[in-house]
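J.: So here's coords22.txt (compact mmCIF, C-alpha atoms).
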```txt
# COMPACT_ATOMS: atom_id res chain seq x y z
CA MET A 946 -25.85 -25.37 -14.82
CA ASP A 947 -23.57 -23.28 -12.64
CA LEU A 948 -20.59 -21.94 -14.51
CA LEU A 949 -19.02 -19.94 -11.70
CA GLY A 950 -16.70 -22.69 -10.52
CA PHE A 951 -15.49 -23.11 -14.07
CA SER A 952 -15.13 -19.50 -15.04
CA LEU A 953 -13.36 -18.04 -12.01
CA PRO A 954 -10.11 -20.01 -12.31
CA LEU A 955 -10.24 -19.57 -16.08
CA ALA A 956 -10.50 -15.81 -15.67
CA LEU A 957 -7.58 -15.82 -13.28
CA GLY A 958 -5.54 -17.89 -15.73
CA ILE A 959 -6.22 -15.50 -18.60
CA ALA A 960 -5.29 -12.53 -16.40
CA ALA A 961 -2.06 -14.24 -15.42
CA LEU A 962 -1.33 -14.87 -19.11
CA GLY A 963 -1.73 -11.19 -19.91
CA SER A 964 0.47 -10.09 -17.05
CA GLY A 965 3.09 -12.66 -18.00
CA LEU A 966 3.34 -11.23 -21.50
CA GLY A 967 3.45 -7.65 -20.27
CA LEU A 968 6.02 -8.32 -17.58
CA GLY A 969 8.17 -10.23 -20.04
CA ARG A 970 8.34 -7.22 -22.35
CA ALA A 971 9.05 -4.78 -19.54
CA ILE A 972 11.84 -6.83 -18.02
CA ASP A 973 13.27 -7.56 -21.46
CA SER A 974 13.78 -3.87 -22.19
CA ALA A 975 15.07 -3.29 -18.66
CA MET A 976 17.68 -6.00 -19.12
CA SER A 977 18.79 -4.54 -22.45
CA ALA A 978 19.14 -1.10 -20.87
CA MET A 979 21.14 -2.54 -17.98
CA GLY A 980 23.44 -4.33 -20.39
CA ARG A 981 24.06 -1.16 -22.34
CA GLN A 982 24.93 0.97 -19.34
CA PRO A 983 26.04 -0.95 -16.28
CA GLU A 984 26.52 2.23 -14.19
CA ALA A 985 22.78 2.92 -14.22
CA ILE A 986 21.78 -0.53 -12.96
CA GLY A 987 20.45 0.81 -9.64
CA LYS A 988 18.08 3.34 -11.16
CA ILE A 989 16.92 0.97 -13.88
CA GLN A 990 16.22 -1.71 -11.29
CA THR A 991 14.07 0.65 -9.25
CA ALA A 992 12.11 1.80 -12.28
CA MET A 993 11.68 -1.78 -13.47
CA LEU A 994 10.27 -2.91 -10.12
CA ILE A 995 7.78 -0.05 -10.02
CA GLY A 996 6.67 -0.73 -13.59
CA CYS A 997 6.24 -4.41 -12.79
CA ALA A 998 4.05 -3.52 -9.82
CA PHE A 999 1.74 -1.56 -12.10
CA ILE A 1000 1.43 -4.42 -14.58
CA GLU A 1001 0.90 -6.89 -11.77
CA ALA A 1002 -1.92 -4.77 -10.35
CA LEU A 1003 -4.21 -5.73 -13.22
CA THR A 1004 -3.87 -9.41 -12.36
CA ILE A 1005 -4.45 -8.55 -8.72
CA TYR A 1006 -7.80 -6.99 -9.66
CA ALA A 1007 -8.84 -10.37 -11.10
CA LEU A 1008 -7.61 -12.07 -7.93
CA VAL A 1009 -9.71 -9.72 -5.80
CA THR A 1010 -12.77 -10.63 -7.87
CA VAL A 1011 -12.05 -14.29 -7.15
CA PHE A 1012 -11.87 -13.56 -3.42
CA VAL A 1013 -15.16 -11.72 -3.51
CA LEU A 1014 -17.00 -14.45 -5.40
CA MET A 1015 -15.27 -17.41 -3.76
CA GLY A 1016 -18.02 -18.03 -1.24
CA LYS A 1017 -20.67 -18.37 -3.93
CA ILE A 1018 -19.19 -21.45 -5.58
CA LYS A 1019 -21.23 -24.44 -4.53
CA MET B 1080 7.51 -27.61 18.43
CA ASN B 1081 4.62 -26.89 20.74
CA LEU B 1082 4.12 -23.41 19.36
CA VAL B 1083 4.03 -24.69 15.80
CA ALA B 1084 1.48 -27.36 16.74
CA MET B 1085 -0.67 -24.78 18.51
CA ILE B 1086 -0.59 -22.37 15.60
CA ASN B 1087 -1.27 -25.04 13.02
CA SER B 1088 -4.16 -26.42 14.99
CA PHE B 1089 -5.73 -23.01 15.31
CA ILE B 1090 -6.23 -22.74 11.57
CA LEU B 1091 -9.40 -24.82 11.72
CA ALA B 1092 -10.64 -22.68 14.59
CA ALA B 1093 -9.97 -19.53 12.61
CA GLN B 1094 -11.93 -20.83 9.66
CA SER B 1095 -15.07 -21.17 11.70
CA ALA B 1096 -14.63 -18.31 14.11
CA SER B 1097 -13.57 -15.62 11.66
CA GLU B 1098 -15.83 -12.71 10.99
CA ASN B 1099 -16.96 -13.75 7.53
CA GLY B 1100 -19.39 -16.26 8.99
CA GLY B 1101 -17.82 -19.56 8.11
CA GLU B 1102 -16.80 -19.02 4.50
CA GLU B 1103 -13.82 -21.08 3.66
CA LYS B 1104 -11.16 -18.42 3.39
CA PRO B 1105 -8.06 -19.86 5.00
CA GLU B 1106 -6.69 -17.47 7.53
CA LEU B 1107 -4.02 -17.77 10.15
CA THR B 1108 -4.92 -16.95 13.71
CA ASN B 1109 -3.72 -13.76 15.34
CA ILE B 1110 -3.63 -12.26 18.80
CA VAL B 1111 -7.01 -10.54 18.57
CA LEU B 1112 -8.70 -13.71 17.36
CA MET B 1113 -7.20 -15.67 20.25
CA ILE B 1114 -8.28 -13.05 22.78
CA SER B 1115 -11.81 -12.98 21.41
CA ASN B 1116 -12.03 -16.80 21.45
CA TRP B 1117 -10.93 -16.75 25.07
CA MET B 1118 -13.59 -14.14 25.79
CA LYS B 1119 -16.24 -16.22 24.04
CA SER B 1120 -15.37 -19.29 26.05
CA HIS B 1121 -15.84 -17.20 29.19
CA GLY B 1122 -19.26 -16.05 28.00
CA ASN B 1123 -18.40 -12.47 27.06
CA ILE B 1124 -20.00 -12.46 23.60
CA SER B 1125 -20.44 -8.76 22.90
CA ALA B 1126 -16.86 -7.78 23.66
CA ALA B 1127 -15.66 -10.69 21.52
CA ASP B 1128 -17.84 -9.51 18.63
CA PHE B 1129 -16.54 -5.98 19.02
CA LEU B 1130 -12.95 -7.20 18.90
CA ASN B 1131 -13.70 -9.39 15.91
CA THR B 1132 -15.33 -6.63 13.91
CA PHE B 1133 -12.51 -4.20 14.35
CA GLN B 1134 -9.66 -6.60 14.66
CA ASN B 1135 -7.88 -5.41 11.58
CA THR B 1136 -8.39 -1.76 11.18
CA ILE B 1137 -8.26 -0.51 14.73
CA PHE B 1138 -6.19 -2.89 16.75
CA PHE B 1139 -3.19 -3.46 14.51
CA THR B 1140 -3.21 0.14 13.30
CA ILE B 1141 -2.93 1.31 16.90
CA LEU B 1142 -0.20 -1.25 17.49
CA ILE B 1143 1.89 0.36 14.78
CA ILE B 1144 1.07 4.02 15.26
CA ILE B 1145 1.28 4.56 18.99
CA PRO B 1146 4.77 3.25 19.81
CA LEU B 1147 6.23 4.90 16.72
CA ALA B 1148 4.58 8.24 17.40
CA ILE B 1149 5.56 8.21 21.05
CA TRP B 1150 9.17 7.45 20.16
CA ALA B 1151 9.31 10.20 17.57
CA ILE B 1152 7.73 12.81 19.82
CA VAL B 1153 9.99 11.93 22.75
CA THR B 1154 13.07 12.22 20.53
CA TYR B 1155 11.92 15.59 19.22
CA ARG B 1156 11.42 16.95 22.70
CA LYS B 1157 14.75 15.64 23.86
CA VAL B 1158 16.54 17.38 21.01
CA MET B 1159 14.68 20.65 20.69
CA HIS B 1160 13.64 21.37 24.26
CA GLY B 1161 16.40 19.56 26.08
CA SER B 1162 19.38 20.98 27.80
CA GLU B 1163 22.00 20.29 25.11
CA ARG B 1164 20.11 21.80 22.21
CA GLU B 1165 23.02 23.57 20.50
CA GLU B 1166 25.42 20.61 20.52
CA ARG B 1167 22.73 18.18 19.46
CA LEU B 1168 21.70 20.32 16.53
CA ARG B 1169 25.27 20.60 15.32
CA ILE B 1170 26.30 16.97 15.87
CA PRO B 1171 23.52 14.43 16.46
CA LYS B 1172 24.01 12.38 19.55
CA GLY B 1173 22.37 9.20 20.73
CA PHE B 1174 20.58 6.36 19.01
CA SER B 1175 17.11 7.90 18.73
CA GLN B 1176 18.19 11.15 17.16
CA ASN B 1177 20.49 9.47 14.66
CA PHE B 1178 17.85 6.89 13.76
CA TRP B 1179 15.10 9.41 13.16
CA GLU B 1180 17.38 11.77 11.22
CA TRP B 1181 18.33 8.86 8.99
CA ILE B 1182 14.68 7.90 8.40
CA VAL B 1183 13.65 11.50 7.71
CA GLN B 1184 16.55 11.91 5.30
CA ILE B 1185 15.52 8.82 3.35
CA LEU B 1186 11.89 9.93 3.20
CA SER B 1187 12.82 13.47 2.20
CA ASP B 1188 15.03 12.25 -0.66
CA PHE B 1189 12.31 9.85 -1.78
CA THR B 1190 9.66 12.57 -1.77
CA GLU B 1191 11.87 15.04 -3.59
CA GLN B 1192 12.60 12.49 -6.29
CA GLY B 1193 8.96 11.49 -6.57
CA LEU B 1194 7.47 14.96 -6.67
CA GLY B 1195 10.02 16.57 -8.94
CA LEU B 1196 9.12 20.01 -7.62
CA GLY B 1197 12.39 20.88 -5.91
CA GLU B 1198 12.16 23.18 -2.91
CA ARG B 1199 8.37 23.61 -2.94
CA GLY B 1200 7.90 19.88 -2.59
CA LEU B 1201 9.42 19.81 0.89
CA THR B 1202 6.10 20.83 2.47
CA TYR B 1203 4.75 17.42 1.52
CA VAL B 1204 7.46 15.35 3.21
CA PRO B 1205 5.48 14.86 6.47
CA PHE B 1206 2.42 13.58 4.61
CA ILE B 1207 4.22 11.33 2.14
CA GLY B 1208 6.71 10.20 4.76
CA SER B 1209 4.13 9.13 7.29
CA LEU B 1210 2.12 7.42 4.53
CA PHE B 1211 5.26 5.49 3.56
CA LEU B 1212 6.12 4.45 7.13
CA PHE B 1213 2.55 3.46 7.96
CA ILE B 1214 2.06 1.31 4.88
CA LEU B 1215 5.52 -0.28 5.07
CA LEU B 1216 5.23 -1.30 8.72
CA ASN B 1217 1.70 -2.56 8.30
CA ASN B 1218 2.61 -4.66 5.28
CA LEU B 1219 5.60 -6.16 7.07
CA LEU B 1220 3.52 -6.91 10.16
CA GLY B 1221 1.62 -9.66 8.41
CA VAL B 1222 4.75 -11.79 8.20
CA PHE B 1223 5.12 -12.11 11.98
CA PRO B 1224 3.54 -15.23 13.52
CA LEU B 1225 0.69 -13.94 15.62
CA MET B 1226 0.05 -10.66 13.80
CA LYS B 1227 -2.09 -9.59 10.88
CA SER B 1228 -1.56 -6.68 8.51
CA ALA B 1229 -3.94 -3.79 8.87
CA THR B 1230 -3.60 -3.23 5.12
CA SER B 1231 -4.88 -6.72 4.39
CA SER B 1232 -8.39 -5.40 4.83
CA LEU B 1233 -10.06 -3.18 2.27
CA ASN B 1234 -11.15 -0.78 5.03
CA THR B 1235 -7.63 0.46 5.74
CA THR B 1236 -6.53 0.75 2.15
CA LEU B 1237 -9.72 2.51 1.09
CA GLY B 1238 -9.20 4.97 3.94
CA LEU B 1239 -5.64 5.65 2.86
CA ALA B 1240 -6.66 6.10 -0.76
CA GLY B 1241 -9.43 8.47 0.32
CA ILE B 1242 -6.94 10.56 2.27
CA VAL B 1243 -4.67 10.76 -0.77
CA PHE B 1244 -7.60 11.69 -3.03
CA PHE B 1245 -8.75 14.57 -0.84
CA THR B 1246 -5.20 15.81 -0.32
CA VAL B 1247 -4.56 15.87 -4.05
CA GLN B 1248 -7.78 17.74 -4.86
CA ILE B 1249 -7.36 20.29 -2.09
CA HIS B 1250 -3.73 20.81 -3.12
CA GLY B 1251 -4.95 21.34 -6.68
CA VAL B 1252 -7.44 23.98 -5.60
CA ARG B 1253 -4.84 25.74 -3.46
CA ALA B 1254 -2.03 25.64 -6.02
CA LEU B 1255 -4.01 26.44 -9.14
CA GLY B 1256 -6.91 28.45 -7.76
CA LEU B 1257 -10.52 27.33 -8.15
CA TRP B 1258 -10.85 28.41 -11.77
CA GLY B 1259 -7.44 26.98 -12.66
CA TRP B 1260 -8.39 23.67 -11.06
CA ILE B 1261 -11.56 23.43 -13.13
CA LYS B 1262 -9.62 24.34 -16.24
CA HIS B 1263 -7.05 21.65 -15.45
CA LEU B 1264 -9.83 19.09 -15.04
CA ALA B 1265 -11.28 20.19 -18.37
CA GLY B 1266 -7.94 19.69 -20.08
CA VAL B 1267 -7.30 23.33 -20.91
CA GLU B 1268 -3.58 23.90 -20.56
CA ASN B 1269 -2.56 26.64 -22.95
CA GLY B 1270 -5.83 28.37 -23.75
CA ASP B 1271 -6.04 27.23 -27.38
CA MET B 1272 -9.38 27.25 -29.15
CA LEU B 1273 -9.03 23.52 -29.83
CA GLU B 1274 -8.89 22.74 -26.13
CA TYR B 1275 -12.02 24.78 -25.42
CA ILE B 1276 -13.88 22.96 -28.18
CA LEU B 1277 -12.88 19.56 -26.79
CA ILE B 1278 -14.16 20.31 -23.27
CA PRO B 1279 -17.32 18.13 -23.49
CA LEU B 1280 -15.07 15.17 -24.30
CA MET B 1281 -12.18 15.80 -21.95
CA PHE B 1282 -14.08 16.90 -18.84
CA PRO B 1283 -15.96 13.63 -18.12
CA LEU B 1284 -12.82 11.69 -19.04
CA HIS B 1285 -10.67 13.55 -16.55
CA VAL B 1286 -13.30 13.49 -13.81
CA ILE B 1287 -13.84 9.76 -14.13
CA GLY B 1288 -10.08 9.29 -14.20
CA GLU B 1289 -9.74 11.20 -10.95
CA LEU B 1290 -12.46 9.10 -9.33
CA ILE B 1291 -10.91 5.83 -10.49
CA LYS B 1292 -7.52 6.68 -8.99
CA PRO B 1293 -8.40 5.96 -5.32
CA MET B 1294 -10.14 2.75 -6.37
CA SER B 1295 -7.08 1.45 -8.17
CA LEU B 1296 -4.71 2.55 -5.40
CA SER B 1297 -6.72 0.80 -2.70
CA LEU B 1298 -7.42 -2.35 -4.68
CA ARG B 1299 -3.80 -2.75 -5.71
CA LEU B 1300 -2.52 -2.53 -2.14
CA PHE B 1301 -5.35 -4.65 -0.70
CA GLY B 1302 -5.06 -7.37 -3.32
CA ASN B 1303 -1.31 -7.71 -2.99
CA ILE B 1304 -1.16 -7.82 0.81
CA PHE B 1305 -4.30 -9.93 1.32
CA GLY B 1306 -3.21 -12.37 -1.35
CA GLU B 1307 0.23 -12.63 0.21
CA ASP B 1308 -1.19 -13.37 3.67
CA MET B 1309 -3.63 -15.92 2.29
CA LEU B 1310 -0.82 -17.61 0.35
CA ILE B 1311 1.19 -18.00 3.55
CA ALA B 1312 -1.88 -19.32 5.37
CA VAL B 1313 -2.58 -21.91 2.67
CA PHE B 1314 0.97 -23.17 2.73
CA VAL B 1315 1.00 -23.39 6.50
CA GLY B 1316 -2.10 -25.53 6.21
CA LEU B 1317 -0.42 -27.74 3.63
CA GLY B 1318 2.57 -28.42 5.84
CA ALA B 1319 0.62 -28.70 9.06
CA PHE B 1320 0.32 -32.46 9.20
CA ALA B 1321 4.07 -32.98 9.66
CA PHE B 1322 5.06 -29.56 11.04
CA LEU B 1323 6.96 -28.76 7.85
CA PRO B 1324 7.73 -25.04 7.37
CA LEU B 1325 6.59 -25.08 3.75
CA GLN B 1326 5.74 -21.40 3.80
CA THR B 1327 9.32 -20.13 4.19
CA PRO B 1328 9.97 -19.16 0.52
CA PHE B 1329 6.79 -17.11 0.60
CA TYR B 1330 8.05 -15.10 3.54
CA PHE B 1331 10.76 -13.68 1.27
CA LEU B 1332 8.20 -12.95 -1.41
CA ALA B 1333 6.09 -11.19 1.23
CA LEU B 1334 9.04 -9.01 2.27
CA LEU B 1335 9.74 -8.02 -1.32
CA THR B 1336 6.15 -7.25 -2.28
CA SER B 1337 5.56 -5.29 0.92
CA LEU B 1338 8.42 -2.92 0.10
CA ILE B 1339 7.48 -2.64 -3.57
CA GLN B 1340 3.81 -1.98 -2.84
CA THR B 1341 4.62 0.84 -0.43
CA MET B 1342 6.92 2.42 -2.98
CA VAL B 1343 4.28 2.15 -5.67
CA PHE B 1344 1.55 3.65 -3.48
CA THR B 1345 3.73 6.52 -2.30
CA LEU B 1346 5.18 7.29 -5.74
CA LEU B 1347 1.68 7.33 -7.22
CA ALA B 1348 0.50 9.72 -4.51
CA CYS B 1349 3.53 11.93 -5.28
CA SER B 1350 2.85 11.89 -9.01
CA TYR B 1351 -0.83 12.77 -8.52
CA ILE B 1352 0.20 15.75 -6.41
CA ALA B 1353 2.79 16.81 -8.98
CA ASN B 1354 0.17 16.51 -11.72
CA PHE B 1355 -1.85 19.27 -10.10
CA SER B 1356 1.05 21.68 -9.61
CA HIS B 1357 2.76 24.23 -11.72
CA THR B 1358 5.93 22.67 -13.06
CA SER B 1359 8.73 24.61 -14.68
CA GLU B 1360 7.48 23.65 -18.15
CA HIS B 1361 4.18 25.36 -17.44
CA ASN B 1362 5.96 28.48 -16.26
CA ALA B 1363 8.24 28.52 -19.27
CA GLU B 1364 5.26 28.41 -21.62
CA ALA B 1365 3.35 30.99 -19.63
CA MET B 1366 6.25 33.42 -19.88
CA GLU B 1367 6.35 33.31 -23.67
```
Any chance you could give the structure as structure tokens?
T.:
Amino acid sequence: MDLLGFSLPLALGIAALGSGLGLGRAIDSAMSAMGRQPEAIGKIQTAMLIGCAFIEALTIYALVTVFVLMGKIK
Amino acid sequence: MNLVAMINSFILAAQSASENGGEEKPELTNIVLMISNWMKSHGNISAADFLNTFQNTIFFTILIIIPLAIWAIVTYRKVMHGSEREERLRIPKGFSQNFWEWIVQILSDFTEQGLGLGERGLTYVPFIGSLFLFILLNNLLGVFPLMKSATSSLNTTLGLAGIVFFTVQIHGVRALGLWGWIKHLAGVENGDMLEYILIPLMFPLHVIGELIKPMSLSLRLFGNIFGEDMLIAVFVGLGAFAFLPLQTPFYFLALLTSLIQTMVFTLLACSYIANFSHTSEHNAEAME
């Protein structure tokens, strides 16, 4: 019984869940900081985008695994 | 209308003629693929295979590097070795000189902010700046119709991450000295007894961390850009039956993630270099 076709999308879904939670927290604190000090919006935006790229990278690792194993699903 | 039909009908050809031997990765056609198909239909198999193998890393890399480098070098010679050197150095004149001074100013500010080393960090502006320009233009190239990003293949990104890794280590050896570099890898900062006792724990941790860094750099960039290109290809295939441009929202996403991924790569390279340098905190503690 071949579980690869079942487990790969499930793994990607769980990775997306984790990154959704993490990104939500990061952007939440960025929004609060922007609301407290509207003059610093530019710098906070830059830092928020870079932080989001780091968190997103973990989901991208799961996506790369899917690409590598995609040909082996029957 | 004709161009859209031609491009959409080439998707099936790309699926079978791409270099991964018929696996079903959807991929849009590009110039090199079209040239190699034309060569194959004329019987020139070996040249077509050569083009196919290196279509990403060599061809599109050269497409970005050579015009940009030629333009920059020609501008430099016009300014520094031309006839109006004094006036041009005081007040920049002409489109090329103004454009390149603007780009260099942006990259220099970016590097200074990323490194945090002040004046000493200016020696790294050429390296970080060319890394930034190369990755940015290659990421953006994948959005154009008949082009393909060089960074959408793991070969290019692994090469870039390898360059960054060796630069960081050699900079560490040069800035800290050989013994200082080994001590930094072992986690010994201040020379306390506690740090010397913890060496068997910290040394493998730091070494494995240093080896993981190029892997994560390359995989992050590769995954983002390859996923973006494949997303666009899938949506082109979805809208192909009625020539609907369903992939347009993803073009904007591709622009955004291209810029963000270059900034992340370059800022990480900057922070790795700064990690291996003496900062002012180190000097303040050493003077006590």
J.: Between A:Gly965, A:Met946, A:Pro954, A:Ile995, single out the one closest to A:Leu1014, counting all atoms listed in the file.
T.: A:Pro954
J.: Check the smallest atom-to-atom distance from each of B:Gly1302, B:Phe1331, B:Glu1307, B:Ala1353 to chain A using all atoms listed in the file, then report the winner.
T.: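 Once distances to chain A are computed over all atoms listed in the file, the minimum belongs to B:Gly1302.
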J.: Residues of chain B within 9 Å of chain A, counting all atoms listed in the file, what are they? List them as a CSV table (one decimal) with C-alpha atoms, keeping the file's coordinate frame.
T.:
```csv
chain,number,residue,atom,x,y,z
B,1102,GLU,CA,-16.8,-19.0,4.5
B,1103,GLU,CA,-13.8,-21.1,3.7
B,1104,LYS,CA,-11.2,-18.4,3.4
B,1295,SER,CA,-7.1,1.4,-8.2
B,1298,LEU,CA,-7.4,-2.4,-4.7
B,1299,ARG,CA,-3.8,-2.8,-5.7
B,1300,LEU,CA,-2.5,-2.5,-2.1
B,1301,PHE,CA,-5.4,-4.6,-0.7
B,1302,GLY,CA,-5.1,-7.4,-3.3
B,1303,ASN,CA,-1.3,-7.7,-3.0
B,1305,PHE,CA,-4.3,-9.9,1.3
B,1306,GLY,CA,-3.2,-12.4,-1.4
B,1336,THR,CA,6.2,-7.2,-2.3
B,1339,ILE,CA,7.5,-2.6,-3.6
B,1340,GLN,CA,3.8,-2.0,-2.8
B,1342,MET,CA,6.9,2.4,-3.0
B,1343,VAL,CA,4.3,2.2,-5.7
B,1346,LEU,CA,5.2,7.3,-5.7
```
J.: Measuring atom to atom with all atoms listed in the file, identify which of A:Ile1000, A:Ala985, A:Ala992, A:Ala978 is nearest to A:Gly963.
T.: A:Ile1000
J.: Please, what distance in Å, to one decimal, runs between atom CA of B:Ile1141 and atom CA of B:Leu1216?
T.: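 Taking atom CA of B:Ile1141 as the start and atom CA of B:Leu1216 as the end point, the length is 11.8 Å.
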J.: Please put the answer as lines of an AutoDock Vina configuration file: centre and edge lengths, in Å with one decimal, of a box along x, y and z that encloses all listed atoms of stretch 983-1002 of chain A plus 5 Å on each side.
T.:
```
center_x = 12.3
center_y = -1.8
center_z = -12.8
size_x = 38.4
size_y = 20.2
size_z = 17.0
```
J.: Which value, in Å to one decimal, gives the distance between atom CA of B:Gly1316 and atom CA of B:Phe1213?
T.: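 About the pair atom CA of B:Gly1316 and atom CA of B:Phe1213: they are 29.4 Å apart.
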